[in-house]
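Participant: A single structure is presented below for examination.
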Amino acid sequence: MAEFTGLLGDVLGWMNSPLRTQQMQGIGGLLSSGLSSISDTDKKYQELYAKAFSDPRNPMKVTDQSALSDLTDMTMSGAMSFAPAGITKAPRMSAAQAEALGYWHDIGAGKKLPIPVSQMKMDLQPIANLPPKIIASPEKMQGGAIVPFVGDRSAAGQNLLGIGDVKFQTSVPLEGGYDFMRMQSPTGSIWASEKGAAQGLQNAVDRAAKVGGGDVYGMYSAMGPESMNFNTMMSDALLEQMKAGKIFKKDIASFDKEVKALRPEWKGVMHPDSRAQLESNGALRHAFVDRMQLDKFQNAGFPNIAYTRYAITDPLLLNEPMYSGGLAIGKMKPSAGLITNPVSPHKTYDTQLAGQYFGGFEQSVPKEILFPDWYKMRRNINAPVSGDVRSFQLSKPIQPTNQEWLDKLMNYLASQKSLLD
């Protein structure tokens with residue numbers, strides 16, 4: 001057992017003295033044992049850290065993967081989550097070292113994660129009778145055209161019951177996302193969006209029908225992680241965590257005040273209508289998430305935005321670049337009218353497009369492979385690569401599924417499959 005000196009040693013010595021009552025000696029013994037355990041853990045942490053990053057010429061280089069793994073497990077177990085006064089804290093990590101441990105990821109939107117992605121967990125309940133996934137055949141798409149259907153990265157076909165150790169009072173249905181196509185295809189719907197955006201997509205489908213001369217396919221393309229801040233799944237999951245969490249009333253009142261300053265109609269977190277309000281009001285959802293991600297609320301114990309974003313993200317899209325796509329493909333109906341009264345409404349979006357689920361590739365495909373003509377055009381006009389992402393989103397490029405397109409796509413899929421075999 002560690003020996004304690006100074007004032008701490010004097011206090012523990014007094015408590016453990018035979019002159020004290022048995023109760024006092026018992027408390028002193030427990031404190032001594034507990035503090036010794038922390039001290040021993042701290043020493044082990046220092047040793048593992050020194051082993052994992054032992055190159056003095058490059059302190060960011062991982063020199064022992066096994067030690068790094070043990071260090072990550074130790075950090076996640078909570079053993080080093082705090083240290084009382086007088087106990088040495090864990091060494092500060094550089095950004096590269098923190099990234100090696102998994103504390104930095106795109107879902108954090110530029111902020112360090114509370115725990116590594118590998119340690120995040122959520123409680124999910126699959127929805128019964130979800131149609132099976134179909135592996136799409138690129139050959140069957142030849143002679144037509146594809147249009148990017150840009151969407152967030154949310155999962156579908158499951159109910160979210162909790163995040164981390166927090167269990168929800170009311171589950172949050174996960175609606176997608178790319179797998180919305182698979183879920184809703186039996187109803188005749190293939191995509192959901194706000195009415196204006198939905199009409200823009202349908203117009204693009206109608207134009208595409210004149211380009212390829214064959215079938216038109218809506219190709220799911222993944223937006224960035226922050227795109228999920230707008231959907232109802234995000235706001236519902238944050239709200240459920242707040243209701244089940246241990247946040248001071250004064251902090252909740254302060255948060256409500258800030259949201260009301262932006263959206264006066266907000267009734268408050270604990271109001272029985274709060275979830276219904278958020279689900280029916282996109283501007284309110286935006287304000288709700290925007291205020292909650294402020295450091296003063298995150299530091300006050302409010303639900304972590306990045307962790308919640310992770311919980312509603314489809315695992316296949318966790319590490320994919322923006323606008324990579326192909327996990328879901330819909331066969332569209334040119335000249336079809338918008339579906340404004342769908343059989344199965346999407347809580348976030350009020351309008352749907354008609355179509356049939358065609359399937360999806362086994363993995364995401366880079367946007368440069370799926371839409372090569374558009375990227376070739378960008379390079380020919382010397383457009384900056386830095387502007388590709390924004391321009392892609394605004395232009396909704398139409399790509400003929402000709403032989404050149406098919407060859408490049410098939411070669412890419414074959415190369416990726418060989419890496420996995």
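Scheme for the structure tokens: letters A, B, ... for chains in order shown; per-chain residue numbers from 1; ligand numbers from 1 in order shown.
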As a PyMOL selection string, please: the residues near Trp266 in chain A (cut-off 9 Å, only C-alpha atoms, same-chain neighbours under 2 positions excluded).

Facilitator: chain A and resi 256+259-260+262-264+268-269+274+277-278+284

Participant: For the residues in the current selection, export all heavy atoms as a PDB file, in the first residue's frame.

Facilitator:
ATOM      1  N   ASP A 256     -33.251  26.635 -21.481  1.00  0.00           N
ATOM      2  CA  ASP A 256     -34.562  27.007 -22.031  1.00  0.00           C
ATOM      3  C   ASP A 256     -34.611  28.486 -22.387  1.00  0.00           C
ATOM      4  O   ASP A 256     -35.179  28.882 -23.418  1.00  0.00           O
ATOM      5  CB  ASP A 256     -35.670  26.677 -21.026  1.00  0.00           C
ATOM      6  CG  ASP A 256     -35.991  25.190 -20.967  1.00  0.00           C
ATOM      7  OD1 ASP A 256     -35.677  24.473 -21.950  1.00  0.00           O
ATOM      8  OD2 ASP A 256     -36.555  24.745 -19.959  1.00  0.00           O
ATOM      9  N   VAL A 259     -32.770  29.039 -25.692  1.00  0.00           N
ATOM     10  CA  VAL A 259     -33.535  28.568 -26.850  1.00  0.00           C
ATOM     11  C   VAL A 259     -34.695  29.517 -27.133  1.00  0.00           C
ATOM     12  O   VAL A 259     -34.980  29.857 -28.296  1.00  0.00           O
ATOM     13  CB  VAL A 259     -34.051  27.131 -26.619  1.00  0.00           C
ATOM     14  CG1 VAL A 259     -34.935  26.690 -27.785  1.00  0.00           C
ATOM     15  CG2 VAL A 259     -32.883  26.164 -26.467  1.00  0.00           C
ATOM     16  N   LYS A 260     -35.367  29.970 -26.074  1.00  0.00           N
ATOM     17  CA  LYS A 260     -36.502  30.891 -26.252  1.00  0.00           C
ATOM     18  C   LYS A 260     -36.069  32.217 -26.852  1.00  0.00           C
ATOM     19  O   LYS A 260     -36.860  32.878 -27.546  1.00  0.00           O
ATOM     20  CB  LYS A 260     -37.185  31.123 -24.907  1.00  0.00           C
ATOM     21  CG  LYS A 260     -38.037  29.957 -24.423  1.00  0.00           C
ATOM     22  CD  LYS A 260     -38.694  30.267 -23.085  1.00  0.00           C
ATOM     23  CE  LYS A 260     -39.529  29.096 -22.610  1.00  0.00           C
ATOM     24  NZ  LYS A 260     -40.178  29.363 -21.304  1.00  0.00           N
ATOM     25  N   LEU A 262     -34.077  32.542 -29.194  1.00  0.00           N
ATOM     26  CA  LEU A 262     -34.046  32.310 -30.636  1.00  0.00           C
ATOM     27  C   LEU A 262     -35.402  31.901 -31.182  1.00  0.00           C
ATOM     28  O   LEU A 262     -35.786  32.289 -32.286  1.00  0.00           O
ATOM     29  CB  LEU A 262     -33.014  31.219 -30.965  1.00  0.00           C
ATOM     30  CG  LEU A 262     -31.555  31.519 -30.606  1.00  0.00           C
ATOM     31  CD1 LEU A 262     -30.689  30.294 -30.853  1.00  0.00           C
ATOM     32  CD2 LEU A 262     -31.034  32.704 -31.411  1.00  0.00           C
ATOM     33  N   ARG A 263     -36.122  31.099 -30.400  1.00  0.00           N
ATOM     34  CA  ARG A 263     -37.439  30.585 -30.811  1.00  0.00           C
ATOM     35  C   ARG A 263     -38.415  30.765 -29.648  1.00  0.00           C
ATOM     36  O   ARG A 263     -38.533  29.903 -28.772  1.00  0.00           O
ATOM     37  CB  ARG A 263     -37.349  29.106 -31.197  1.00  0.00           C
ATOM     38  CG  ARG A 263     -36.340  28.761 -32.273  1.00  0.00           C
ATOM     39  CD  ARG A 263     -36.600  29.457 -33.599  1.00  0.00           C
ATOM     40  NE  ARG A 263     -37.964  29.280 -34.084  1.00  0.00           N
ATOM     41  CZ  ARG A 263     -38.424  29.782 -35.229  1.00  0.00           C
ATOM     42  NH1 ARG A 263     -37.613  30.525 -35.978  1.00  0.00           N
ATOM     43  NH2 ARG A 263     -39.662  29.584 -35.596  1.00  0.00           N
ATOM     44  N   PRO A 264     -39.120  31.888 -29.603  1.00  0.00           N
ATOM     45  CA  PRO A 264     -40.012  32.206 -28.477  1.00  0.00           C
ATOM     46  C   PRO A 264     -41.108  31.168 -28.228  1.00  0.00           C
ATOM     47  O   PRO A 264     -41.662  31.114 -27.124  1.00  0.00           O
ATOM     48  CB  PRO A 264     -40.626  33.552 -28.889  1.00  0.00           C
ATOM     49  CG  PRO A 264     -39.635  34.148 -29.831  1.00  0.00           C
ATOM     50  CD  PRO A 264     -39.062  32.984 -30.586  1.00  0.00           C
ATOM     51  N   GLY A 268     -40.112  24.561 -23.301  1.00  0.00           N
ATOM     52  CA  GLY A 268     -39.188  24.090 -22.279  1.00  0.00           C
ATOM     53  C   GLY A 268     -38.958  22.594 -22.320  1.00  0.00           C
ATOM     54  O   GLY A 268     -39.833  21.821 -22.738  1.00  0.00           O
ATOM     55  N   VAL A 269     -37.773  22.179 -21.858  1.00  0.00           N
ATOM     56  CA  VAL A 269     -37.364  20.775 -21.903  1.00  0.00           C
ATOM     57  C   VAL A 269     -38.345  19.869 -21.181  1.00  0.00           C
ATOM     58  O   VAL A 269     -38.703  18.790 -21.680  1.00  0.00           O
ATOM     59  CB  VAL A 269     -35.947  20.626 -21.295  1.00  0.00           C
ATOM     60  CG1 VAL A 269     -35.619  19.152 -21.048  1.00  0.00           C
ATOM     61  CG2 VAL A 269     -34.906  21.247 -22.207  1.00  0.00           C
ATOM     62  N   SER A 274     -42.792  19.057 -25.305  1.00  0.00           N
ATOM     63  CA  SER A 274     -41.478  19.407 -25.853  1.00  0.00           C
ATOM     64  C   SER A 274     -41.089  18.543 -27.050  1.00  0.00           C
ATOM     65  O   SER A 274     -40.613  19.054 -28.067  1.00  0.00           O
ATOM     66  CB  SER A 274     -40.412  19.320 -24.762  1.00  0.00           C
ATOM     67  OG  SER A 274     -40.369  18.019 -24.190  1.00  0.00           O
ATOM     68  N   GLN A 277     -43.194  19.354 -30.074  1.00  0.00           N
ATOM     69  CA  GLN A 277     -42.770  20.650 -30.602  1.00  0.00           C
ATOM     70  C   GLN A 277     -41.551  20.505 -31.499  1.00  0.00           C
ATOM     71  O   GLN A 277     -41.511  21.046 -32.611  1.00  0.00           O
ATOM     72  CB  GLN A 277     -42.431  21.585 -29.442  1.00  0.00           C
ATOM     73  CG  GLN A 277     -43.495  22.604 -29.089  1.00  0.00           C
ATOM     74  CD  GLN A 277     -42.896  23.762 -28.313  1.00  0.00           C
ATOM     75  OE1 GLN A 277     -42.262  23.570 -27.287  1.00  0.00           O
ATOM     76  NE2 GLN A 277     -43.115  24.954 -28.814  1.00  0.00           N
ATOM     77  N   LEU A 278     -40.560  19.791 -31.021  1.00  0.00           N
ATOM     78  CA  LEU A 278     -39.329  19.627 -31.781  1.00  0.00           C
ATOM     79  C   LEU A 278     -39.567  18.854 -33.078  1.00  0.00           C
ATOM     80  O   LEU A 278     -38.994  19.175 -34.127  1.00  0.00           O
ATOM     81  CB  LEU A 278     -38.273  18.913 -30.930  1.00  0.00           C
ATOM     82  CG  LEU A 278     -37.677  19.731 -29.781  1.00  0.00           C
ATOM     83  CD1 LEU A 278     -36.904  18.822 -28.831  1.00  0.00           C
ATOM     84  CD2 LEU A 278     -36.769  20.833 -30.310  1.00  0.00           C
ATOM     85  N   LEU A 284     -36.905  25.207 -34.818  1.00  0.00           N
ATOM     86  CA  LEU A 284     -36.757  25.001 -33.377  1.00  0.00           C
ATOM     87  C   LEU A 284     -35.727  23.911 -33.101  1.00  0.00           C
ATOM     88  O   LEU A 284     -34.910  24.042 -32.183  1.00  0.00           O
ATOM     89  CB  LEU A 284     -38.104  24.634 -32.756  1.00  0.00           C
ATOM     90  CG  LEU A 284     -38.106  24.343 -31.252  1.00  0.00           C
ATOM     91  CD1 LEU A 284     -37.564  25.528 -30.464  1.00  0.00           C
ATOM     92  CD2 LEU A 284     -39.521  23.994 -30.780  1.00  0.00           C
TER      93      LEU A 284
END

Participant: Got a sec to tell me which of range 174-419 of chain A DSSP assigns to alpha helix (DSSP H), as a VMD selection string?

Facilitator: chain A and resid 180 to 184 195 to 208 232 to 244 249 to 262 274 to 279 282 to 292 295 to 298 305 to 311 367 to 370 372 to 380 388 to 395 403 to 419

Participant: With C-alpha atoms retained, export the selected residues as a JSON list (two decimals), in the first residue's frame.

Facilitator:
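Result file follows (out29.json):
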[["chain", "number", "residue", "atom", "x", "y", "z"],
["A", 180, "PHE", "CA", -35.27, 4.75, -45.86],
["A", 181, "MET", "CA", -35.39, 3.45, -49.43],
["A", 182, "ARG", "CA", -35.47, -0.15, -48.25],
["A", 183, "MET", "CA", -37.94, 0.51, -45.44],
["A", 184, "GLN", "CA", -40.47, 2.44, -47.49],
["A", 195, "LYS", "CA", -41.37, 19.94, -50.47],
["A", 196, "GLY", "CA", -39.12, 22.41, -52.28],
["A", 197, "ALA", "CA", -36.10, 20.11, -52.20],
["A", 198, "ALA", "CA", -38.25, 17.13, -53.21],
["A", 199, "GLN", "CA", -39.52, 19.00, -56.26],
["A", 200, "GLY", "CA", -35.94, 19.88, -57.19],
["A", 201, "LEU", "CA", -34.99, 16.20, -57.06],
["A", 202, "GLN", "CA", -37.98, 15.16, -59.13],
["A", 203, "ASN", "CA", -37.06, 17.81, -61.72],
["A", 204, "ALA", "CA", -33.54, 16.35, -61.84],
["A", 205, "VAL", "CA", -35.00, 12.87, -62.35],
["A", 206, "ASP", "CA", -37.13, 14.18, -65.22],
["A", 207, "ARG", "CA", -34.05, 15.75, -66.87],
["A", 208, "ALA", "CA", -32.03, 12.58, -66.38],
["A", 232, "THR", "CA", -35.92, 14.63, -35.42],
["A", 233, "MET", "CA", -33.89, 11.59, -34.40],
["A", 234, "MET", "CA", -31.14, 13.88, -33.10],
["A", 235, "SER", "CA", -33.42, 16.23, -31.15],
["A", 236, "ASP", "CA", -35.50, 13.35, -29.77],
["A", 237, "ALA", "CA", -32.40, 11.48, -28.58],
["A", 238, "LEU", "CA", -30.97, 14.60, -26.92],
["A", 239, "LEU", "CA", -34.27, 15.35, -25.22],
["A", 240, "GLU", "CA", -34.65, 11.79, -23.91],
["A", 241, "GLN", "CA", -31.14, 11.92, -22.43],
["A", 242, "MET", "CA", -31.94, 15.20, -20.70],
["A", 243, "LYS", "CA", -35.13, 13.83, -19.17],
["A", 244, "ALA", "CA", -33.31, 10.74, -17.88],
["A", 249, "LYS", "CA", -32.75, 22.64, -12.70],
["A", 250, "LYS", "CA", -31.01, 26.01, -12.90],
["A", 251, "ASP", "CA", -28.97, 24.80, -15.89],
["A", 252, "ILE", "CA", -32.08, 23.52, -17.66],
["A", 253, "ALA", "CA", -33.76, 26.87, -17.00],
["A", 254, "SER", "CA", -30.73, 28.67, -18.45],
["A", 255, "PHE", "CA", -30.82, 26.44, -21.52],
["A", 256, "ASP", "CA", -34.56, 27.01, -22.03],
["A", 257, "LYS", "CA", -33.99, 30.75, -21.79],
["A", 258, "GLU", "CA", -31.35, 30.64, -24.52],
["A", 259, "VAL", "CA", -33.54, 28.57, -26.85],
["A", 260, "LYS", "CA", -36.50, 30.89, -26.25],
["A", 261, "ALA", "CA", -34.34, 33.87, -27.17],
["A", 262, "LEU", "CA", -34.05, 32.31, -30.64],
["A", 274, "SER", "CA", -41.48, 19.41, -25.85],
["A", 275, "ARG", "CA", -40.88, 16.36, -28.06],
["A", 276, "ALA", "CA", -43.93, 17.05, -30.24],
["A", 277, "GLN", "CA", -42.77, 20.65, -30.60],
["A", 278, "LEU", "CA", -39.33, 19.63, -31.78],
["A", 279, "GLU", "CA", -40.65, 17.02, -34.21],
["A", 282, "GLY", "CA", -37.30, 22.38, -38.02],
["A", 283, "ALA", "CA", -36.17, 25.87, -37.02],
["A", 284, "LEU", "CA", -36.76, 25.00, -33.38],
["A", 285, "ARG", "CA", -34.74, 21.78, -33.73],
["A", 286, "HIS", "CA", -31.88, 23.77, -35.19],
["A", 287, "ALA", "CA", -31.92, 26.22, -32.26],
["A", 288, "PHE", "CA", -32.25, 23.36, -29.74],
["A", 289, "VAL", "CA", -29.13, 21.56, -31.00],
["A", 290, "ASP", "CA", -27.21, 24.77, -31.67],
["A", 291, "ARG", "CA", -27.61, 25.98, -28.06],
["A", 292, "MET", "CA", -26.96, 22.59, -26.50],
["A", 295, "ASP", "CA", -19.42, 24.59, -24.10],
["A", 296, "LYS", "CA", -21.22, 26.02, -21.08],
["A", 297, "PHE", "CA", -24.02, 23.48, -21.45],
["A", 298, "GLN", "CA", -21.78, 20.60, -22.47],
["A", 305, "ILE", "CA", -23.70, 16.10, -29.20],
["A", 306, "ALA", "CA", -21.02, 13.95, -30.83],
["A", 307, "TYR", "CA", -21.92, 10.84, -28.81],
["A", 308, "THR", "CA", -25.58, 11.29, -29.77],
["A", 309, "ARG", "CA", -24.59, 11.81, -33.40],
["A", 310, "TYR", "CA", -22.69, 8.52, -33.23],
["A", 311, "ALA", "CA", -25.68, 6.67, -31.77],
["A", 367, "LYS", "CA", -18.19, 10.31, -55.62],
["A", 368, "GLU", "CA", -15.41, 10.60, -58.22],
["A", 369, "ILE", "CA", -16.18, 7.03, -59.36],
["A", 370, "LEU", "CA", -19.94, 7.45, -59.35],
["A", 372, "PRO", "CA", -16.81, 10.92, -63.22],
["A", 373, "ASP", "CA", -18.12, 13.25, -65.94],
["A", 374, "TRP", "CA", -18.84, 16.00, -63.47],
["A", 375, "TYR", "CA", -15.40, 15.77, -61.85],
["A", 376, "LYS", "CA", -13.71, 15.71, -65.24],
["A", 377, "MET", "CA", -15.58, 18.89, -66.13],
["A", 378, "ARG", "CA", -14.44, 20.54, -62.88],
["A", 379, "ARG", "CA", -10.79, 19.78, -63.60],
["A", 380, "ASN", "CA", -11.09, 20.90, -67.24],
["A", 388, "ASP", "CA", -15.96, 20.39, -55.18],
["A", 389, "VAL", "CA", -18.05, 19.40, -52.16],
["A", 390, "ARG", "CA", -20.20, 22.52, -52.13],
["A", 391, "SER", "CA", -20.54, 22.61, -55.91],
["A", 392, "PHE", "CA", -21.56, 18.95, -56.00],
["A", 393, "GLN", "CA", -24.35, 19.57, -53.52],
["A", 394, "LEU", "CA", -25.72, 22.54, -55.44],
["A", 395, "SER", "CA", -25.41, 21.21, -58.99],
["A", 403, "GLN", "CA", -19.79, 1.68, -70.72],
["A", 404, "GLU", "CA", -16.97, 3.90, -69.46],
["A", 405, "TRP", "CA", -18.88, 4.52, -66.22],
["A", 406, "LEU", "CA", -19.61, 0.81, -65.83],
["A", 407, "ASP", "CA", -15.99, -0.26, -66.42],
["A", 408, "LYS", "CA", -14.57, 2.13, -63.84],
["A", 409, "LEU", "CA", -17.21, 1.24, -61.27],
["A", 410, "MET", "CA", -16.76, -2.51, -61.75],
["A", 411, "ASN", "CA", -12.99, -2.18, -61.49],
["A", 412, "TYR", "CA", -13.32, -0.21, -58.26],
["A", 413, "LEU", "CA", -15.75, -2.68, -56.69],
["A", 414, "ALA", "CA", -13.53, -5.60, -57.68],
["A", 415, "SER", "CA", -10.41, -3.94, -56.22],
["A", 416, "GLN", "CA", -12.17, -3.26, -52.92],
["A", 417, "LYS", "CA", -13.49, -6.80, -52.73],
["A", 418, "SER", "CA", -10.00, -8.21, -53.23],
["A", 419, "LEU", "CA", -8.77, -6.12, -50.29]]

Participant: Give me, as a Markdown table, each residue of range 131-179 of chain A that comes within 7 Å of range 211-220 of chain A, together with its shortest interatomic pair and the distance in Å at one decimal, counting only C-alpha atoms, with rows ordered by chain and rising residue number.

Facilitator:
| residue | atom | partner | partner_atom | distance |
| --- | --- | --- | --- | --- |
| A:Gly143 | CA | A:Gly214 | CA | 5.5 |
| A:Gly144 | CA | A:Gly214 | CA | 4.1 |
| A:Ala145 | CA | A:Val216 | CA | 5.0 |
| A:Ile146 | CA | A:Tyr217 | CA | 4.7 |
| A:Val147 | CA | A:Gly218 | CA | 5.1 |
| A:Pro148 | CA | A:Met219 | CA | 4.8 |
| A:Phe149 | CA | A:Tyr220 | CA | 4.7 |
| A:Val150 | CA | A:Tyr220 | CA | 5.9 |
| A:Gly151 | CA | A:Tyr220 | CA | 6.8 |
| A:Tyr178 | CA | A:Tyr220 | CA | 6.0 |

Participant: Would you list the contacts of range 314-319 of chain A as a list in words, taking every protein, DNA or RNA residue within 7 Å and counting only C-alpha atoms, but skipping same-chain residues closer than 5 positions in sequence?

Facilitator: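 Listing them by chain and then by number gives Arg153, Ser154 and Ala155 of chain A.
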
Participant: What does the distance from CA of Ser66 in chain A to CA of Leu48 in chain A come to in Å, to one decimal?

Facilitator: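 Separation of CA of Ser66 in chain A and CA of Leu48 in chain A: 9.4 Å.
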
Participant: With distances taken over only C-alpha atoms, which of A:Asn341, A:Ser324, A:Gln158, A:Ser386 is nearest to Gly224 in chain A?

Facilitator: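 Among the listed residues, A:Ser324 lies closest to Gly224 in chain A.
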
Participant: Taking into account only C-alpha atoms, which residue in the set A:Leu174, A:Leu161, A:Ala98, A:Ala300 is nearest to Ile312 in chain A?

Facilitator: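 Checking each of A:Leu174, A:Leu161, A:Ala98, A:Ala300 against Ile312 in chain A, counting only C-alpha atoms, the winner is A:Leu174.
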
Participant: Please return as a PDB file with C-alpha atoms, in the first residue's frame: the residues of range 142-224 of chain A that backbone DSSP assigns to strand (DSSP E or B).

Facilitator:
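Result saved to result_21.pdb:
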ATOM      1  CA  ALA A 145     -28.580   7.743 -65.739  1.00  0.00           C
ATOM      2  CA  ILE A 146     -28.043   8.394 -62.044  1.00  0.00           C
ATOM      3  CA  VAL A 147     -28.877  11.412 -59.898  1.00  0.00           C
ATOM      4  CA  PRO A 148     -27.340  11.996 -56.452  1.00  0.00           C
ATOM      5  CA  PHE A 149     -29.831  11.799 -53.584  1.00  0.00           C
ATOM      6  CA  VAL A 150     -27.950  13.621 -50.871  1.00  0.00           C
ATOM      7  CA  GLY A 151     -28.960  12.574 -47.367  1.00  0.00           C
ATOM      8  CA  SER A 154     -28.695   8.158 -39.909  1.00  0.00           C
ATOM      9  CA  ALA A 156     -32.939   3.025 -40.220  1.00  0.00           C
ATOM     10  CA  GLY A 157     -35.062   0.054 -39.253  1.00  0.00           C
ATOM     11  CA  GLN A 158     -34.295   0.233 -35.525  1.00  0.00           C
ATOM     12  CA  ASN A 159     -35.517   1.847 -32.343  1.00  0.00           C
ATOM     13  CA  LEU A 160     -32.956   3.656 -30.212  1.00  0.00           C
ATOM     14  CA  LEU A 161     -33.622   2.735 -26.567  1.00  0.00           C
ATOM     15  CA  GLY A 162     -30.663   4.452 -24.906  1.00  0.00           C
ATOM     16  CA  ILE A 163     -27.190   5.923 -25.266  1.00  0.00           C
ATOM     17  CA  VAL A 166     -28.817   6.304 -20.154  1.00  0.00           C
ATOM     18  CA  LYS A 167     -32.086   4.505 -20.847  1.00  0.00           C
ATOM     19  CA  PHE A 168     -34.805   6.463 -22.632  1.00  0.00           C
ATOM     20  CA  GLN A 169     -38.314   6.926 -21.272  1.00  0.00           C
ATOM     21  CA  THR A 170     -39.609   6.804 -24.852  1.00  0.00           C
ATOM     22  CA  SER A 171     -37.718   5.088 -27.668  1.00  0.00           C
ATOM     23  CA  VAL A 172     -36.544   7.013 -30.745  1.00  0.00           C
ATOM     24  CA  PRO A 173     -37.376   5.409 -34.122  1.00  0.00           C
ATOM     25  CA  LEU A 174     -34.456   5.565 -36.550  1.00  0.00           C
ATOM     26  CA  GLU A 175     -35.828   6.296 -40.024  1.00  0.00           C
ATOM     27  CA  SER A 189     -42.026   5.808 -51.697  1.00  0.00           C
ATOM     28  CA  ILE A 190     -38.278   5.957 -52.166  1.00  0.00           C
ATOM     29  CA  TRP A 191     -37.077   9.245 -50.634  1.00  0.00           C
ATOM     30  CA  ALA A 192     -38.221  11.952 -48.235  1.00  0.00           C
ATOM     31  CA  SER A 193     -37.401  15.645 -48.140  1.00  0.00           C
ATOM     32  CA  VAL A 216     -33.172   6.740 -63.937  1.00  0.00           C
ATOM     33  CA  TYR A 217     -31.696   5.827 -60.573  1.00  0.00           C
ATOM     34  CA  GLY A 218     -31.544   7.864 -57.393  1.00  0.00           C
ATOM     35  CA  MET A 219     -28.096   7.241 -55.876  1.00  0.00           C
ATOM     36  CA  TYR A 220     -27.782   7.839 -52.136  1.00  0.00           C
ATOM     37  CA  SER A 221     -24.848  10.165 -51.369  1.00  0.00           C
ATOM     38  CA  ALA A 222     -23.743  10.798 -47.779  1.00  0.00           C
TER      39      ALA A 222
END

Participant: Go ahead and compute the interatomic distance for CA of Phe302 in chain A and CA of Gly245 in chain A, in Å to one decimal.

Facilitator: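 Taking CA of Phe302 in chain A and CA of Gly245 in chain A, their separation equals 8.1 Å.
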
Participant: Work out how far apart CA of Lys111 in chain A and CA of Ser280 in chain A are and give it in Å to one decimal.

Facilitator: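 CA of Ser280 in chain A lies at a distance of 29.1 Å from CA of Lys111 in chain A.
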